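Visitor: Hey, dropping coords.txt in here, compact mmCIF, C-alpha atoms:
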```
# COMPACT_ATOMS: atom_id res chain seq x y z
CA MET A 1 -13.42 1.98 4.34
CA SER A 2 -15.21 4.35 2.01
CA PRO A 3 -18.63 4.45 0.34
CA ARG A 4 -19.02 3.08 -3.17
CA GLU A 5 -19.21 5.43 -6.12
CA GLU A 6 -19.62 4.89 -9.84
CA VAL A 7 -16.10 5.38 -11.13
CA PRO A 8 -14.58 4.71 -14.55
CA GLY A 9 -11.19 3.28 -13.58
CA ILE A 10 -7.82 3.67 -15.30
CA ASN A 11 -7.06 3.20 -19.01
CA VAL A 12 -3.76 4.85 -19.86
CA TYR A 13 -0.42 4.29 -21.54
CA ILE A 14 2.61 4.78 -19.29
CA GLN A 15 6.22 5.53 -20.23
CA ARG A 16 8.58 4.61 -17.43
CA GLY A 17 11.14 7.32 -18.21
CA PRO A 18 13.47 8.92 -20.74
CA ILE A 19 15.41 5.68 -21.27
CA ASP A 20 12.47 3.26 -21.29
CA ARG A 21 9.99 5.02 -23.55
CA LYS A 22 7.89 1.98 -24.43
CA LYS A 23 4.18 2.77 -24.10
CA ARG A 24 2.78 0.29 -21.60
CA LEU A 25 -0.98 -0.09 -21.25
CA LEU A 26 -2.35 0.08 -17.70
CA LEU A 27 -5.93 -1.01 -17.09
CA ILE A 28 -7.58 -0.85 -13.68
CA THR A 29 -11.23 -1.90 -13.70
CA PRO A 30 -13.56 -3.19 -10.97
CA ASP A 31 -12.78 -6.75 -12.14
CA PHE A 32 -9.04 -6.82 -12.87
CA ILE A 33 -5.67 -5.06 -13.17
CA GLN A 34 -3.62 -5.40 -16.35
CA PHE A 35 -0.23 -3.89 -17.13
CA ASP A 36 2.53 -4.38 -19.72
CA ASP A 37 4.96 -5.15 -16.93
CA LYS A 38 7.72 -6.79 -18.99
CA ASN A 39 9.66 -5.95 -22.13
CA GLY A 40 8.79 -7.61 -25.42
CA PRO A 41 5.49 -8.28 -27.20
CA ALA A 42 2.36 -9.74 -25.60
CA LEU A 43 3.73 -9.75 -22.07
CA SER A 44 0.87 -8.05 -20.24
CA VAL A 45 0.17 -9.33 -16.75
CA ARG A 46 -3.43 -9.50 -15.55
CA PHE A 47 -4.70 -10.12 -12.01
CA LYS A 48 -8.39 -10.80 -11.48
CA LYS A 49 -10.07 -9.14 -8.51
CA ASN A 50 -10.20 -12.32 -6.45
CA GLU A 51 -6.46 -12.91 -7.04
CA ILE A 52 -5.29 -9.53 -5.68
CA ARG A 53 -3.95 -9.68 -2.12
CA GLU A 54 -1.42 -6.95 -1.30
CA TYR A 55 0.06 -3.67 -2.44
CA ARG A 56 2.75 -1.18 -1.49
CA PHE A 57 3.59 2.20 -2.96
CA GLY A 58 5.67 5.33 -2.70
CA ILE A 59 8.40 7.46 -4.25
CA ASN A 60 12.05 6.63 -4.86
CA TRP A 61 14.12 9.80 -4.97
CA ILE A 62 16.70 9.95 -7.76
CA LYS A 63 19.96 11.50 -6.60
CA GLY A 64 22.37 13.46 -8.75
CA PHE A 65 25.95 14.36 -7.89
CA GLU A 66 25.00 16.95 -5.30
CA PHE A 67 21.20 17.06 -5.12
CA THR A 68 17.98 15.25 -6.00
CA ILE A 69 17.24 15.41 -9.73
CA GLY A 70 14.05 13.41 -9.99
CA ARG A 71 11.59 10.97 -8.55
CA GLU A 72 10.22 7.55 -9.45
CA TYR A 73 6.61 6.78 -8.56
CA VAL A 74 6.18 3.06 -7.85
CA VAL A 75 3.24 0.81 -7.05
CA PHE A 76 3.59 -2.94 -6.47
CA ILE A 77 0.56 -5.28 -6.53
CA ARG A 78 0.94 -8.91 -5.47
CA SER A 79 -1.42 -11.77 -6.25
CA SER A 80 -2.39 -14.89 -4.33
CA PHE A 81 -0.05 -16.80 -6.69
CA ASP A 82 2.88 -14.69 -5.39
CA ARG A 83 3.26 -12.87 -8.70
CA THR A 84 3.89 -9.13 -8.68
CA ILE A 85 3.00 -6.28 -11.01
CA LYS A 86 5.27 -3.23 -10.77
CA ILE A 87 3.86 0.05 -12.06
CA SER A 88 6.51 2.78 -12.24
CA PHE A 89 7.28 6.05 -13.98
CA LYS A 90 9.98 8.68 -13.53
CA THR A 91 10.20 12.43 -13.75
CA PHE A 92 13.44 14.40 -13.93
CA TYR A 93 13.97 18.09 -13.11
CA GLY A 94 10.26 18.58 -12.52
CA VAL A 95 9.20 17.67 -16.08
CA ARG A 96 5.59 16.37 -16.00
CA LYS A 97 5.74 16.31 -12.18
CA LYS A 98 2.17 17.53 -11.69
CA GLU A 99 0.86 15.10 -14.31
CA TYR A 100 2.67 12.13 -12.78
CA HIS A 101 1.68 13.10 -9.24
CA LYS A 102 -1.96 13.13 -10.30
CA LEU A 103 -1.56 9.81 -12.14
CA SER A 104 -0.04 8.22 -9.04
CA ASN A 105 -2.91 9.48 -6.88
CA ASP A 106 -5.48 8.25 -9.41
CA ILE A 107 -3.92 4.79 -9.52
CA LEU A 108 -3.94 4.52 -5.72
CA THR A 109 -7.51 5.82 -5.53
CA PHE A 110 -8.86 3.21 -7.93
CA LEU A 111 -6.83 0.38 -6.41
CA TRP A 112 -8.44 1.24 -3.10
CA LEU A 113 -11.98 1.65 -4.43
CA PHE A 114 -11.95 -1.52 -6.54
CA PHE A 115 -9.88 -3.91 -4.44
CA PHE A 116 -8.35 -2.93 -1.13
CA ASP A 117 -11.44 -1.37 0.43
CA ASP A 118 -13.11 -4.77 0.01
CA ILE A 119 -10.09 -6.57 1.46
CA THR A 120 -10.16 -4.24 4.48
CA THR A 121 -13.89 -4.80 4.95
CA LYS A 122 -13.41 -8.59 4.94
CA HIS A 123 -10.67 -8.28 7.54
CA TYR A 124 -12.91 -6.13 9.72
CA GLN A 125 -15.82 -8.55 9.45
CA ALA A 126 -13.50 -11.43 10.45
CA PHE A 127 -12.15 -9.36 13.35
CA GLN A 128 -15.68 -8.71 14.59
CA LYS A 129 -16.25 -12.47 14.65
CA GLY A 130 -13.29 -12.86 16.99
CA GLU A 131 -10.65 -13.93 14.48
CA ASP A 132 -7.04 -12.74 14.69
CA ILE A 133 -5.96 -10.72 11.65
CA SER A 134 -2.37 -10.80 10.36
CA ILE A 135 -1.11 -7.98 8.13
CA GLY A 136 2.63 -8.07 7.60
CA ARG A 137 4.35 -7.76 10.98
CA ALA A 138 1.12 -6.91 12.81
CA ILE A 139 -1.37 -9.30 14.39
CA LEU A 140 -4.67 -7.79 15.49
CA THR A 141 -6.32 -9.76 18.29
CA LYS A 142 -9.38 -8.97 20.37
CA GLU A 143 -7.21 -7.65 23.20
CA ALA A 144 -4.24 -6.00 21.51
CA VAL A 145 -2.09 -5.34 18.48
CA ILE A 146 1.02 -7.54 18.47
CA ILE A 147 3.93 -6.35 16.34
CA LYS A 148 6.81 -8.62 15.41
CA GLU A 149 10.24 -7.05 15.06
CA ARG A 150 13.79 -8.29 14.61
CA ALA A 151 16.42 -7.11 17.08
CA LEU A 152 20.00 -8.41 17.27
CA LEU A 153 19.26 -11.47 15.14
CA LYS A 154 16.26 -12.50 17.21
CA GLU A 155 12.58 -11.72 17.03
CA LYS A 156 10.81 -9.68 19.65
CA GLN A 157 7.20 -8.67 20.05
CA THR A 158 5.64 -5.35 20.96
CA VAL A 159 2.19 -5.72 22.48
CA ILE A 160 -0.12 -2.69 22.66
CA PRO A 161 -3.59 -3.16 24.21
CA TRP A 162 -6.41 -1.55 22.28
CA GLU A 163 -7.32 0.74 25.18
CA GLN A 164 -3.80 2.25 25.02
CA LEU A 165 -3.25 2.15 21.28
CA ALA A 166 -2.90 5.24 19.09
CA ILE A 167 -1.88 5.75 15.47
CA LYS A 168 -0.52 8.57 13.35
CA ASP A 169 -0.39 8.60 9.56
CA TYR A 170 2.61 10.24 7.90
CA TYR A 171 3.31 10.71 4.20
CA THR A 172 5.65 7.74 3.90
CA TYR A 173 4.84 5.60 6.93
CA LEU A 174 2.31 4.64 9.59
CA ALA A 175 3.15 4.88 13.30
CA ILE A 176 1.40 2.64 15.83
CA PHE A 177 2.23 3.39 19.47
CA SER A 178 1.12 3.30 23.08
CA ALA A 179 -0.59 6.50 24.15
CA VAL A 180 0.80 6.04 27.67
CA ASP A 181 4.40 5.16 26.67
CA ALA A 182 4.93 6.43 23.14
CA SER A 183 8.71 6.83 23.39
CA ASN A 184 9.30 3.17 24.26
CA THR A 185 6.32 1.28 22.86
CA TYR A 186 5.86 1.94 19.17
CA ALA A 187 6.39 0.60 15.65
CA THR A 188 6.47 2.13 12.19
CA PHE A 189 5.30 0.62 8.90
CA SER A 190 6.55 1.89 5.54
CA TYR A 191 4.00 2.35 2.75
CA LEU A 192 6.72 1.68 0.18
CA LYS A 193 8.59 -1.24 1.75
CA GLU A 194 5.87 -3.18 3.60
CA TRP A 195 2.87 -4.88 2.05
CA ASN A 196 -0.64 -3.61 2.86
CA THR A 197 0.33 -0.81 5.22
CA GLY A 198 -2.60 1.10 3.71
CA VAL A 199 -4.94 -1.74 4.66
CA LEU A 200 -3.45 -1.86 8.16
CA PHE A 201 -4.01 1.87 8.65
CA SER A 202 -7.63 1.72 7.51
CA LEU A 203 -8.42 -1.38 9.56
CA VAL A 204 -6.87 -0.12 12.79
CA SER A 205 -8.55 3.28 12.31
CA THR A 206 -11.94 1.60 11.86
CA ILE A 207 -11.50 -0.60 14.93
CA LEU A 208 -10.45 2.35 17.09
CA LYS A 209 -13.35 4.47 15.85
CA ASN A 210 -15.90 1.76 16.62
CA ARG A 211 -14.45 1.23 20.12
CA GLU A 212 -15.24 4.82 21.09
```
Take the structure from the file and write it as structure tokens.
Guide:
Amino acid sequence: MSPREEVPGINVYIQRGPIDRKKRLLLITPDFIQFDDKNGPALSVRFKKNEIREYRFGINWIKGFEFTIGREYVVFIRSSFDRTIKISFKTFYGVRKKEYHKLSNDILTFLWLFFFDDITTKHYQAFQKGEDISIGRAILTKEAVIIKERALLKEKQTVIPWEQLAIKDYYTYLAIFSAVDASNTYATFSYLKEWNTGVLFSLVSTILKNRE
């Protein structure tokens, strides 16, 4: 959870790639997200701040015959009405790679500052009041983090008490594990495939820091 700053937001036209060259307007303001998510005229999708619930993000690598030829930056935002905005753009053979990398970072920065920092703060305030917090497969209780996983067509649970819990943030995923039995008691959460892994990382980090 980060301090507030006066920031302008995002107002940019995005072309998804060399095949889809339609200029799609992306707006990210403190009050809403809007993007020309679909093809055709007047098909912008807008989520108000209080409708935004989850996001996930990352890079899809584009494979050629023998080696990687490009990358697709993707960000998904989901609303409380279960609608999803997909922001994506591709680069091939390194063309505009630096520009698109910066754009991806800017989008994620403003999504966090305007929306998901607040969501994380609300979760933390509820946790302090003794409420259990559910984020994807993880349930944060006063005593432990409980992680639901599927194994051999049945669901199992990994329980890690807070006094044993440790985390490590990697580029594409978050690892949550037991500091006393890391090889057997752990779980990973993908930033690209699982909703609100960024929120989970920030919330668990804040709880651990304030337990010290």
Visitor: Any idea what's packed within 10 Å of Thr206 in chain A, counting all atoms listed in the file, ignoring anything in its chain fewer than 5 positions away? Could you give it as a list in words?
Guide: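 Surrounding residues, per the criterion: Met1, Thr120, Thr121, Tyr124, Leu200, Phe201 and Arg211 of chain A.
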Visitor: Report as CSV: every residue of range 130-172 of chain A with an atom at most 12 Å from range 183-190 of chain A, its closest pair of atoms, and their distance in Å to one decimal, counting all atoms listed in the file, with rows sorted by chain and ascending residue number.
Guide:
```
residue,atom,partner,partner_atom,distance
A:Ile135,CA,A:Phe189,CA,10.8
A:Gly136,CA,A:Phe189,CA,9.2
A:Arg137,CA,A:Phe189,CA,8.7
A:Ala138,CA,A:Phe189,CA,9.5
A:Val145,CA,A:Ala187,CA,10.7
A:Ile146,CA,A:Ala187,CA,10.2
A:Ile147,CA,A:Ala187,CA,7.4
A:Lys148,CA,A:Ala187,CA,9.2
A:Glu149,CA,A:Ala187,CA,8.6
A:Arg150,CA,A:Ala187,CA,11.6
A:Lys156,CA,A:Ala187,CA,11.9
A:Gln157,CA,A:Ala187,CA,10.3
A:Thr158,CA,A:Thr185,CA,6.9
A:Val159,CA,A:Thr185,CA,8.1
A:Ile160,CA,A:Thr185,CA,7.6
A:Pro161,CA,A:Thr185,CA,10.9
A:Gln164,CA,A:Thr185,CA,10.4
A:Leu165,CA,A:Tyr186,CA,9.4
A:Ala166,CA,A:Tyr186,CA,9.4
A:Ile167,CA,A:Tyr186,CA,9.4
A:Lys168,CA,A:Thr188,CA,9.6
A:Asp169,CA,A:Thr188,CA,9.8
A:Tyr170,CA,A:Ser190,CA,9.5
A:Tyr171,CA,A:Ser190,CA,9.5
A:Thr172,CA,A:Ser190,CA,6.1
```
Visitor: Mind pulling up the distance from CA of Lys129 in chain A to CA of Tyr191 in chain A?
Guide: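 Value for the CA of Tyr191 in chain A-CA of Lys129 in chain A distance: 27.8 Å.
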Visitor: Quick one: everything within 9 Å of Ile87 in chain A, counting all atoms listed in the file, minus sequence neighbours fewer than 2 positions away in the same chain. Send it as a ChimeraX atom specification.
Guide: /A:14,16,26,35-37,73-77,85,89
Visitor: Just the selected residues (C-alpha atoms), exported as a PDB file, in the frame of the given file, please.
Guide:
```pdb
ATOM      1  CA  ILE A  14       2.610   4.780 -19.290  1.00  0.00           C
ATOM      2  CA  ARG A  16       8.580   4.610 -17.430  1.00  0.00           C
ATOM      3  CA  LEU A  26      -2.350   0.080 -17.700  1.00  0.00           C
ATOM      4  CA  PHE A  35      -0.230  -3.890 -17.130  1.00  0.00           C
ATOM      5  CA  ASP A  36       2.530  -4.380 -19.720  1.00  0.00           C
ATOM      6  CA  ASP A  37       4.960  -5.150 -16.930  1.00  0.00           C
ATOM      7  CA  TYR A  73       6.610   6.780  -8.560  1.00  0.00           C
ATOM      8  CA  VAL A  74       6.180   3.060  -7.850  1.00  0.00           C
ATOM      9  CA  VAL A  75       3.240   0.810  -7.050  1.00  0.00           C
ATOM     10  CA  PHE A  76       3.590  -2.940  -6.470  1.00  0.00           C
ATOM     11  CA  ILE A  77       0.560  -5.280  -6.530  1.00  0.00           C
ATOM     12  CA  ILE A  85       3.000  -6.280 -11.010  1.00  0.00           C
ATOM     13  CA  PHE A  89       7.280   6.050 -13.980  1.00  0.00           C
TER      14      PHE A  89
END
```
Visitor: Report as a tab-separated table: every residue of range 90-144 of chain A with an atom at most 10 Å from range 53-69 of chain A, its closest pair of atoms, and their distance in Å to one decimal, counting all atoms listed in the file, with rows sorted by chain and ascending residue number.
Guide:
```
residue	atom	partner	partner_atom	distance
A:Lys90	CA	A:Ile62	CA	8.9
A:Thr91	CA	A:Ile69	CA	8.6
A:Phe92	CA	A:Ile69	CA	5.8
A:Tyr93	CA	A:Ile69	CA	5.4
A:Gly94	CA	A:Ile69	CA	8.2
A:Ser104	CA	A:Gly58	CA	9.0
A:Leu108	CA	A:Phe57	CA	8.3
A:Leu111	CA	A:Tyr55	CA	8.9
A:Trp112	CA	A:Tyr55	CA	9.8
A:Phe115	CA	A:Arg53	CA	8.6
A:Phe116	CA	A:Glu54	CA	8.0
A:Ile119	CA	A:Arg53	CA	7.8
A:Ile135	CA	A:Glu54	CA	9.5
A:Gly136	CA	A:Glu54	CA	9.8
```
Visitor: So which one's closest to Gly70 in chain A, A:Thr84, A:Gly17, A:Ile33, A:Phe110? Using only C-alpha atoms, please.
Guide: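 Closest candidate: A:Gly17.
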Visitor: Please, what is the axis-aligned box for every listed atom of range 174-183 of chain A with 5 Å on each side, as centre and edge lengths in Å to one decimal, as lines of an AutoDock Vina configuration file?
Guide:
```
center_x = 4.1
center_y = 4.7
center_z = 18.6
size_x = 19.3
size_y = 14.2
size_z = 28.1
```
Visitor: So the first atom is CA of Ala175 in chain A and the second is CA of Glu51 in chain A; what is the distance between them in Å, to one decimal place?
Guide: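 Between these atoms lies a distance of 28.7 Å.
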Visitor: What does the distance from CA of Asp106 in chain A to CA of Val12 in chain A come to in Å, to one decimal?
Guide: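 A separation of 11.1 Å between them.
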Visitor: Counting only C-alpha atoms, which of A:Asn196, A:Gln15, A:Ser178, A:Asn210 gets nearest to Ala144 in chain A?
Guide: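 When distances to Ala144 in chain A are compared using only C-alpha atoms, the smallest one comes from A:Ser178.
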Visitor: If you count all atoms listed in the file, which residues fall within 12 Å of Lys38 in chain A, apart from same-chain ones fewer than 2 positions away, as number ranges by chain?
Guide: A: 16, 20, 22-25, 34-36, 40-46, 84-88
Visitor: Just C-alpha atoms for this one: save the residues we selected as a PDB file, keeping the file's coordinate frame.
Guide:
```pdb
ATOM      1  CA  ARG A  16       8.580   4.610 -17.430  1.00  0.00           C
ATOM      2  CA  ASP A  20      12.470   3.260 -21.290  1.00  0.00           C
ATOM      3  CA  LYS A  22       7.890   1.980 -24.430  1.00  0.00           C
ATOM      4  CA  LYS A  23       4.180   2.770 -24.100  1.00  0.00           C
ATOM      5  CA  ARG A  24       2.780   0.290 -21.600  1.00  0.00           C
ATOM      6  CA  LEU A  25      -0.980  -0.090 -21.250  1.00  0.00           C
ATOM      7  CA  GLN A  34      -3.620  -5.400 -16.350  1.00  0.00           C
ATOM      8  CA  PHE A  35      -0.230  -3.890 -17.130  1.00  0.00           C
ATOM      9  CA  ASP A  36       2.530  -4.380 -19.720  1.00  0.00           C
ATOM     10  CA  GLY A  40       8.790  -7.610 -25.420  1.00  0.00           C
ATOM     11  CA  PRO A  41       5.490  -8.280 -27.200  1.00  0.00           C
ATOM     12  CA  ALA A  42       2.360  -9.740 -25.600  1.00  0.00           C
ATOM     13  CA  LEU A  43       3.730  -9.750 -22.070  1.00  0.00           C
ATOM     14  CA  SER A  44       0.870  -8.050 -20.240  1.00  0.00           C
ATOM     15  CA  VAL A  45       0.170  -9.330 -16.750  1.00  0.00           C
ATOM     16  CA  ARG A  46      -3.430  -9.500 -15.550  1.00  0.00           C
ATOM     17  CA  THR A  84       3.890  -9.130  -8.680  1.00  0.00           C
ATOM     18  CA  ILE A  85       3.000  -6.280 -11.010  1.00  0.00           C
ATOM     19  CA  LYS A  86       5.270  -3.230 -10.770  1.00  0.00           C
ATOM     20  CA  ILE A  87       3.860   0.050 -12.060  1.00  0.00           C
ATOM     21  CA  SER A  88       6.510   2.780 -12.240  1.00  0.00           C
TER      22      SER A  88
END
```
Visitor: Using all atoms listed in the file, pick whichever of A:Ile139, A:Leu153, A:Ala179, A:His123 has the shortest atom-to-atom distance to Leu203 in chain A.
Guide: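 Distance minimum relative to Leu203 in chain A lands on A:His123.
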